[in-house]
>>> print(open('input.txt').read())   # compact mmCIF, N, CA and C atoms
# COMPACT_ATOMS: atom_id res chain seq x y z
N MET A 1 6.05 16.92 -0.22
CA MET A 1 4.80 16.61 -0.88
C MET A 1 4.54 15.10 -0.87
N LEU A 2 5.61 14.31 -0.92
CA LEU A 2 5.44 12.85 -0.90
C LEU A 2 4.77 12.39 0.38
N LEU A 3 5.21 12.93 1.51
CA LEU A 3 4.63 12.53 2.79
C LEU A 3 3.18 12.96 2.90
N ARG A 4 2.88 14.14 2.39
CA ARG A 4 1.49 14.62 2.42
C ARG A 4 0.59 13.70 1.60
N ASN A 5 1.06 13.25 0.45
CA ASN A 5 0.27 12.35 -0.38
C ASN A 5 0.10 10.99 0.27
N LEU A 6 1.15 10.50 0.93
CA LEU A 6 1.05 9.22 1.63
C LEU A 6 0.05 9.31 2.79
N VAL A 7 0.11 10.39 3.53
CA VAL A 7 -0.83 10.59 4.64
C VAL A 7 -2.26 10.66 4.11
N THR A 8 -2.46 11.38 3.03
CA THR A 8 -3.79 11.48 2.44
C THR A 8 -4.30 10.12 1.98
N SER A 9 -3.44 9.34 1.34
CA SER A 9 -3.84 8.00 0.88
C SER A 9 -4.18 7.10 2.05
N LEU A 10 -3.41 7.18 3.12
CA LEU A 10 -3.68 6.36 4.29
C LEU A 10 -5.02 6.73 4.92
N LEU A 11 -5.33 8.01 4.98
CA LEU A 11 -6.60 8.43 5.55
C LEU A 11 -7.78 8.03 4.66
N LEU A 12 -7.60 8.08 3.36
CA LEU A 12 -8.69 7.73 2.45
C LEU A 12 -8.93 6.23 2.38
N TYR A 13 -7.87 5.45 2.24
CA TYR A 13 -8.00 4.01 2.00
C TYR A 13 -7.79 3.16 3.25
N GLU A 14 -7.33 3.76 4.32
CA GLU A 14 -7.12 3.14 5.63
C GLU A 14 -6.01 2.10 5.66
N LYS A 15 -5.39 1.79 4.54
CA LYS A 15 -4.18 0.99 4.53
C LYS A 15 -3.46 1.21 3.20
N ILE A 16 -2.13 1.27 3.28
CA ILE A 16 -1.32 1.43 2.09
C ILE A 16 -0.08 0.56 2.22
N ARG A 17 0.52 0.26 1.09
CA ARG A 17 1.74 -0.53 1.06
C ARG A 17 2.89 0.37 0.63
N THR A 18 3.94 0.45 1.46
CA THR A 18 5.06 1.34 1.18
C THR A 18 6.30 0.79 1.86
N THR A 19 7.41 1.51 1.75
CA THR A 19 8.64 1.06 2.39
C THR A 19 8.59 1.37 3.89
N ARG A 20 9.41 0.69 4.64
CA ARG A 20 9.44 0.86 6.09
C ARG A 20 9.83 2.29 6.47
N ALA A 21 10.79 2.87 5.77
CA ALA A 21 11.25 4.23 6.09
C ALA A 21 10.13 5.25 5.88
N ARG A 22 9.39 5.11 4.80
CA ARG A 22 8.29 6.04 4.54
C ARG A 22 7.16 5.85 5.55
N ALA A 23 6.89 4.61 5.91
CA ALA A 23 5.84 4.35 6.90
C ALA A 23 6.20 4.93 8.26
N LYS A 24 7.46 4.80 8.64
CA LYS A 24 7.90 5.38 9.92
C LYS A 24 7.83 6.90 9.89
N ALA A 25 8.00 7.49 8.71
CA ALA A 25 7.94 8.94 8.60
C ALA A 25 6.52 9.47 8.69
N ILE A 26 5.53 8.74 8.17
CA ILE A 26 4.16 9.26 8.18
C ILE A 26 3.38 8.86 9.42
N GLN A 27 3.86 7.88 10.16
CA GLN A 27 3.14 7.42 11.35
C GLN A 27 2.88 8.53 12.36
N PRO A 28 3.89 9.34 12.75
CA PRO A 28 3.59 10.41 13.72
C PRO A 28 2.72 11.52 13.14
N ILE A 29 2.77 11.72 11.84
CA ILE A 29 1.94 12.75 11.22
C ILE A 29 0.46 12.36 11.32
N VAL A 30 0.16 11.10 11.02
CA VAL A 30 -1.23 10.62 11.08
C VAL A 30 -1.72 10.67 12.52
N ASP A 31 -0.89 10.24 13.47
CA ASP A 31 -1.29 10.29 14.87
C ASP A 31 -1.58 11.72 15.31
N ARG A 32 -0.76 12.66 14.88
CA ARG A 32 -0.94 14.05 15.26
C ARG A 32 -2.23 14.61 14.66
N LEU A 33 -2.54 14.25 13.41
CA LEU A 33 -3.77 14.74 12.77
C LEU A 33 -5.02 14.28 13.52
N ILE A 34 -5.05 12.99 13.84
CA ILE A 34 -6.24 12.45 14.51
C ILE A 34 -6.36 13.00 15.92
N THR A 35 -5.23 13.16 16.61
CA THR A 35 -5.25 13.71 17.97
C THR A 35 -5.73 15.16 17.96
N LYS A 36 -5.25 15.95 17.01
CA LYS A 36 -5.71 17.35 16.92
C LYS A 36 -7.20 17.42 16.65
N ALA A 37 -7.68 16.54 15.76
CA ALA A 37 -9.11 16.55 15.44
C ALA A 37 -9.95 16.17 16.65
N LYS A 38 -9.41 15.30 17.51
CA LYS A 38 -10.15 14.89 18.71
C LYS A 38 -10.14 15.96 19.79
N ASN A 39 -9.00 16.62 19.99
CA ASN A 39 -8.82 17.47 21.17
C ASN A 39 -9.03 18.96 20.93
N ARG A 40 -8.96 19.42 19.73
CA ARG A 40 -9.08 20.86 19.44
C ARG A 40 -10.49 21.21 18.98
N PRO A 41 -10.86 22.47 19.07
CA PRO A 41 -12.13 22.90 18.48
C PRO A 41 -12.09 22.69 16.96
N PRO A 42 -13.22 22.38 16.36
CA PRO A 42 -13.23 22.04 14.93
C PRO A 42 -12.66 23.12 14.02
N HIS A 43 -12.91 24.39 14.30
CA HIS A 43 -12.43 25.43 13.39
C HIS A 43 -10.91 25.55 13.41
N ILE A 44 -10.28 25.18 14.50
CA ILE A 44 -8.81 25.19 14.57
C ILE A 44 -8.25 23.91 13.96
N ALA A 45 -8.87 22.78 14.24
CA ALA A 45 -8.39 21.50 13.73
C ALA A 45 -8.50 21.42 12.21
N VAL A 46 -9.54 22.01 11.64
CA VAL A 46 -9.70 21.99 10.18
C VAL A 46 -8.53 22.70 9.51
N ARG A 47 -8.12 23.81 10.04
CA ARG A 47 -6.99 24.54 9.46
C ARG A 47 -5.72 23.73 9.53
N PHE A 48 -5.49 23.07 10.64
CA PHE A 48 -4.29 22.25 10.79
C PHE A 48 -4.31 21.06 9.82
N ILE A 49 -5.45 20.40 9.71
CA ILE A 49 -5.56 19.23 8.84
C ILE A 49 -5.43 19.63 7.38
N ASN A 50 -6.02 20.74 6.98
CA ASN A 50 -5.95 21.17 5.59
C ASN A 50 -4.55 21.61 5.17
N GLN A 51 -3.67 21.91 6.11
CA GLN A 51 -2.28 22.22 5.77
C GLN A 51 -1.54 20.98 5.29
N ILE A 52 -1.96 19.81 5.76
CA ILE A 52 -1.25 18.58 5.46
C ILE A 52 -1.97 17.74 4.41
N VAL A 53 -3.26 17.56 4.57
CA VAL A 53 -4.03 16.66 3.71
C VAL A 53 -4.29 17.35 2.37
N THR A 54 -4.13 16.59 1.27
CA THR A 54 -4.26 17.18 -0.06
C THR A 54 -5.60 16.89 -0.73
N HIS A 55 -6.47 16.12 -0.09
CA HIS A 55 -7.76 15.78 -0.69
C HIS A 55 -8.86 16.16 0.29
N ARG A 56 -9.90 16.76 -0.21
CA ARG A 56 -10.98 17.26 0.64
C ARG A 56 -11.68 16.15 1.42
N ASN A 57 -11.91 15.01 0.77
CA ASN A 57 -12.62 13.92 1.43
C ASN A 57 -11.81 13.31 2.57
N ALA A 58 -10.51 13.35 2.48
CA ALA A 58 -9.68 12.82 3.57
C ALA A 58 -9.84 13.66 4.83
N GLY A 59 -9.90 14.97 4.67
CA GLY A 59 -10.12 15.85 5.82
C GLY A 59 -11.49 15.64 6.44
N GLN A 60 -12.50 15.45 5.62
CA GLN A 60 -13.84 15.20 6.13
C GLN A 60 -13.91 13.85 6.84
N LYS A 61 -13.20 12.87 6.30
CA LYS A 61 -13.23 11.53 6.89
C LYS A 61 -12.60 11.53 8.28
N VAL A 62 -11.59 12.38 8.50
CA VAL A 62 -10.98 12.48 9.82
C VAL A 62 -12.03 12.87 10.85
N PHE A 63 -12.85 13.87 10.53
CA PHE A 63 -13.85 14.34 11.48
C PHE A 63 -15.06 13.42 11.58
N GLU A 64 -15.51 12.88 10.46
CA GLU A 64 -16.74 12.09 10.48
C GLU A 64 -16.53 10.66 10.95
N VAL A 65 -15.37 10.07 10.66
CA VAL A 65 -15.16 8.66 10.96
C VAL A 65 -14.16 8.44 12.08
N PHE A 66 -12.97 9.01 11.94
CA PHE A 66 -11.87 8.67 12.85
C PHE A 66 -12.03 9.26 14.25
N VAL A 67 -12.62 10.43 14.36
CA VAL A 67 -12.81 11.01 15.69
C VAL A 67 -13.72 10.13 16.54
N ASP A 68 -14.79 9.62 15.96
CA ASP A 68 -15.68 8.73 16.70
C ASP A 68 -15.05 7.37 16.95
N ARG A 69 -14.33 6.85 15.95
CA ARG A 69 -13.73 5.53 16.08
C ARG A 69 -12.67 5.49 17.17
N TYR A 70 -11.87 6.55 17.27
CA TYR A 70 -10.76 6.57 18.22
C TYR A 70 -11.03 7.44 19.44
N LYS A 71 -12.29 7.57 19.80
CA LYS A 71 -12.68 8.40 20.93
C LYS A 71 -12.02 7.95 22.23
N SER A 72 -11.95 6.66 22.45
CA SER A 72 -11.40 6.14 23.71
C SER A 72 -9.92 5.79 23.62
N ARG A 73 -9.33 5.84 22.44
CA ARG A 73 -7.91 5.48 22.27
C ARG A 73 -7.07 6.76 22.33
N PRO A 74 -6.10 6.83 23.26
CA PRO A 74 -5.32 8.06 23.39
C PRO A 74 -4.27 8.25 22.29
N SER A 75 -3.68 7.17 21.79
CA SER A 75 -2.67 7.27 20.73
C SER A 75 -2.49 5.90 20.09
N GLY A 76 -1.56 5.81 19.16
CA GLY A 76 -1.30 4.53 18.51
C GLY A 76 -2.38 4.15 17.53
N PHE A 77 -2.63 5.02 16.56
CA PHE A 77 -3.72 4.81 15.62
C PHE A 77 -3.31 3.99 14.40
N THR A 78 -2.01 3.74 14.24
CA THR A 78 -1.54 3.02 13.06
C THR A 78 -0.80 1.75 13.45
N ARG A 79 -0.76 0.83 12.50
CA ARG A 79 -0.06 -0.45 12.69
C ARG A 79 0.74 -0.73 11.43
N MET A 80 1.98 -1.22 11.62
CA MET A 80 2.82 -1.61 10.48
C MET A 80 2.98 -3.12 10.48
N LYS A 81 2.67 -3.73 9.33
CA LYS A 81 2.80 -5.17 9.19
C LYS A 81 3.83 -5.44 8.09
N PRO A 82 4.93 -6.16 8.39
CA PRO A 82 5.95 -6.40 7.37
C PRO A 82 5.44 -7.32 6.26
N LEU A 83 5.83 -7.00 5.02
CA LEU A 83 5.40 -7.77 3.86
C LEU A 83 6.54 -8.47 3.14
N GLY A 84 7.77 -8.17 3.51
CA GLY A 84 8.91 -8.79 2.84
C GLY A 84 9.75 -7.74 2.14
N LEU A 85 10.52 -8.21 1.16
CA LEU A 85 11.42 -7.32 0.42
C LEU A 85 10.88 -7.06 -0.98
N ARG A 86 11.17 -5.86 -1.48
CA ARG A 86 10.76 -5.50 -2.83
C ARG A 86 11.67 -6.20 -3.84
N GLN A 87 11.12 -6.64 -4.94
CA GLN A 87 11.85 -7.44 -5.93
C GLN A 87 13.04 -6.69 -6.51
N GLY A 88 12.86 -5.45 -6.92
CA GLY A 88 13.88 -4.73 -7.66
C GLY A 88 15.10 -4.32 -6.86
N ASP A 89 14.87 -3.69 -5.70
CA ASP A 89 15.99 -3.15 -4.94
C ASP A 89 16.14 -3.72 -3.54
N GLY A 90 15.26 -4.61 -3.14
CA GLY A 90 15.39 -5.25 -1.84
C GLY A 90 14.95 -4.38 -0.67
N ALA A 91 14.18 -3.33 -0.93
CA ALA A 91 13.70 -2.47 0.15
C ALA A 91 12.64 -3.22 0.96
N GLU A 92 12.64 -2.96 2.27
CA GLU A 92 11.65 -3.59 3.15
C GLU A 92 10.28 -2.96 2.92
N LEU A 93 9.30 -3.79 2.59
CA LEU A 93 7.94 -3.30 2.39
C LEU A 93 7.10 -3.60 3.62
N VAL A 94 6.23 -2.67 3.95
CA VAL A 94 5.29 -2.85 5.05
C VAL A 94 3.92 -2.39 4.59
N GLU A 95 2.91 -2.89 5.27
CA GLU A 95 1.56 -2.39 5.07
C GLU A 95 1.22 -1.60 6.31
N ILE A 96 1.03 -0.31 6.15
CA ILE A 96 0.65 0.53 7.28
C ILE A 96 -0.86 0.72 7.19
N SER A 97 -1.53 0.48 8.31
CA SER A 97 -2.98 0.56 8.32
C SER A 97 -3.45 1.21 9.62
N LEU A 98 -4.65 1.69 9.58
CA LEU A 98 -5.27 2.27 10.78
C LEU A 98 -5.88 1.13 11.60
N VAL A 99 -5.64 1.12 12.88
CA VAL A 99 -6.15 0.05 13.73
C VAL A 99 -7.65 0.22 13.94
N ASP A 100 -8.31 -0.87 14.29
CA ASP A 100 -9.75 -0.88 14.54
C ASP A 100 -10.55 -0.40 13.34
N GLY A 101 -10.03 -0.58 12.15
CA GLY A 101 -10.71 -0.07 10.98
C GLY A 101 -11.38 -1.14 10.18
N ALA A 102 -11.90 -0.74 9.05
CA ALA A 102 -12.57 -1.68 8.16
C ALA A 102 -11.59 -2.66 7.54
N SER A 103 -10.30 -2.33 7.57
CA SER A 103 -9.29 -3.18 6.96
C SER A 103 -8.73 -4.21 7.92
N GLU A 104 -9.36 -4.36 9.08
CA GLU A 104 -8.90 -5.35 10.05
C GLU A 104 -9.11 -6.75 9.49
N PRO A 105 -8.18 -7.66 9.74
CA PRO A 105 -8.38 -9.02 9.26
C PRO A 105 -9.52 -9.70 10.01
N GLU A 106 -10.36 -10.36 9.27
CA GLU A 106 -11.49 -11.03 9.89
C GLU A 106 -11.05 -12.36 10.47
N THR A 107 -11.70 -12.76 11.54
CA THR A 107 -11.37 -14.06 12.12
C THR A 107 -11.94 -15.14 11.22
N PRO A 108 -11.19 -16.22 11.01
CA PRO A 108 -11.69 -17.26 10.12
C PRO A 108 -12.93 -17.92 10.70
N LYS A 109 -13.90 -18.08 9.85
CA LYS A 109 -15.15 -18.71 10.28
C LYS A 109 -15.02 -20.21 10.13
N GLU A 110 -15.68 -20.92 11.02
CA GLU A 110 -15.63 -22.36 10.95
C GLU A 110 -16.46 -22.85 9.78
N LYS A 111 -15.89 -23.81 9.06
CA LYS A 111 -16.60 -24.36 7.92
C LYS A 111 -17.58 -25.41 8.43
N PRO A 112 -18.76 -25.44 7.87
CA PRO A 112 -19.70 -26.48 8.30
C PRO A 112 -19.18 -27.86 7.85
N SER A 113 -19.35 -28.81 8.71
CA SER A 113 -18.86 -30.16 8.40
C SER A 113 -19.75 -30.80 7.36
N LYS A 114 -19.12 -31.55 6.49
CA LYS A 114 -19.88 -32.23 5.43
C LYS A 114 -20.38 -33.57 5.96
N LYS A 115 -21.62 -33.83 5.68
CA LYS A 115 -22.18 -35.11 6.08
C LYS A 115 -22.13 -36.05 4.90
N SER A 116 -21.67 -37.26 5.14
CA SER A 116 -21.55 -38.24 4.06
C SER A 116 -22.82 -39.03 3.90
>>> encode(input="input.txt", output="structure tokens")
Amino acid sequence: MLLRNLVTSLLLYEKIRTTRARAKAIQPIVDRLITKAKNRPPHIAVRFINQIVTHRNAGQKVFEVFVDRYKSRPSGFTRMKPLGLRQGDGAELVEISLVDGASEPETPKEKPSKKS
């Protein structure tokens, strides 16, 4: 159930912060969900996605947003960015996010120069 909730949160919020081991565990699940939604007929893909995803809006978001976004990308829908160690137990924390998403870091804009 923990992995299902993590997958659902990742699909809803497009990035989550968790340990490296958990991120590595959910990465293939998310890739498989998006690939099934892209390649299978909708009535079959919905059944597969609803077995894993625990929130209705996450399943809808896969079809409405991610299928169009990743139309040309064959795989590799997630990215893990290391964040350091957790304070209490020293576990490695990572931020796992969906690539090409709204959570992409923006390029820094040039500041206008001040005239004296």
>>> closest_atom_pairs(input="input.txt", of="region 3-40 of chain A", to="region 85-93 of chain A", cutoff="12 Å", atoms="only C-alpha atoms", output="CSV")
residue,atom,partner,partner_atom,distance
A:Ile16,CA,A:Leu93,CA,10.4
A:Arg17,CA,A:Leu93,CA,6.9
A:Thr18,CA,A:Leu93,CA,5.6
A:Thr19,CA,A:Leu93,CA,4.4
A:Arg20,CA,A:Leu93,CA,5.8
A:Ala21,CA,A:Glu92,CA,8.4
A:Arg22,CA,A:Leu93,CA,9.6
A:Ala23,CA,A:Leu93,CA,9.1
A:Lys24,CA,A:Leu93,CA,11.5
>>> closest_residue(input="input.txt", among="A:Ile52, A:Ala45, A:Ile29, A:Ile96", to="Arg4 (chain A)", atoms="only N, CA and C atoms")
A:Ile52
>>> select_by_dssp(input="input.txt", residues="chain A", states="strand (DSSP E)", output="number ranges by chain")
A: 15-19, 78-85, 92-98
>>> select_by_dssp(input="input.txt", residues="region 9-109 of chain A", states="helix (DSSP H, G or I)", output="ChimeraX atom specification")
/A:9-13,20-39,42-52,56-69
>>> closest_residue(input="input.txt", among="A:Leu98, A:Ile44, A:Val30, A:Met80", to="Tyr13 (chain A)", atoms="all atoms listed in the file")
A:Leu98
>>> closest_residue(input="input.txt", among="A:Asp31, A:Val53, A:Val62, A:His43", to="Ser75 (chain A)", atoms="all atoms listed in the file")
A:Asp31
>>> atom_distance(input="input.txt", atom1="CA of Arg47 (chain A)", atom2="CA of Met1 (chain A)")
17.6 Å
>>> atom_distance(input="input.txt", atom1="atom N of Ala25 (chain A)", atom2="atom N of Pro41 (chain A)")
26.2 Å
>>> closest_residue(input="input.txt", among="A:Asp100, A:Lys15, A:Leu33, A:Asn5", to="Arg69 (chain A)", atoms="only C-alpha atoms")
A:Asp100
>>> closest_residue(input="input.txt", among="A:Gln51, A:Thr78, A:Asn57, A:Asn39", to="Leu11 (chain A)", atoms="all atoms listed in the file")
A:Asn57
>>> closest_residue(input="input.txt", among="A:Pro28, A:Val99, A:Lys38, A:Thr8", to="Asp68 (chain A)", atoms="only N, CA and C atoms")
A:Lys38
>>> atom_distance(input="input.txt", atom1="CA of Val46 (chain A)", atom2="CA of Ser97 (chain A)")
22.5 Å
>>> decode(input="input.txt", residues="region 27-59 of chain A", atoms="C-alpha atoms", output="short mmCIF file (atom, residue, chain, number, x, y, z; two decimals), in the first residue's frame")
data_model
loop_
_atom_site.label_atom_id
_atom_site.label_comp_id
_atom_site.auth_asym_id
_atom_site.auth_seq_id
_atom_site.Cartn_x
_atom_site.Cartn_y
_atom_site.Cartn_z
CA GLN A 27 10.18 4.44 -10.64
CA PRO A 28 9.40 1.33 -12.76
CA ILE A 29 5.78 1.34 -11.59
CA VAL A 30 5.23 4.92 -12.79
CA ASP A 31 6.96 4.18 -16.10
CA ARG A 32 4.77 1.11 -16.61
CA LEU A 33 1.57 3.06 -15.86
CA ILE A 34 2.32 5.81 -18.35
CA THR A 35 3.47 3.34 -21.01
CA LYS A 36 0.30 1.25 -20.65
CA ALA A 37 -1.85 4.37 -20.91
CA LYS A 38 -0.03 5.35 -24.11
CA ASN A 39 0.04 1.97 -25.85
CA ARG A 40 -3.12 0.13 -24.78
CA PRO A 41 -6.77 0.82 -25.58
CA PRO A 42 -8.30 3.10 -22.94
CA HIS A 43 -10.73 0.54 -21.52
CA ILE A 44 -7.88 -1.88 -20.79
CA ALA A 45 -5.46 0.77 -19.52
CA VAL A 46 -8.04 2.20 -17.10
CA ARG A 47 -8.40 -1.17 -15.40
CA PHE A 48 -4.65 -1.55 -15.05
CA ILE A 49 -4.17 1.97 -13.69
CA ASN A 50 -7.05 1.68 -11.21
CA GLN A 51 -5.44 -1.44 -9.70
CA ILE A 52 -2.46 0.65 -8.61
CA VAL A 53 -3.58 4.27 -8.25
CA THR A 54 -5.60 5.06 -5.12
CA HIS A 55 -7.05 8.45 -6.12
CA ARG A 56 -9.49 9.03 -8.95
CA ASN A 57 -7.90 12.28 -10.13
CA ALA A 58 -4.49 10.66 -10.49
CA GLY A 59 -5.89 8.12 -12.94
#
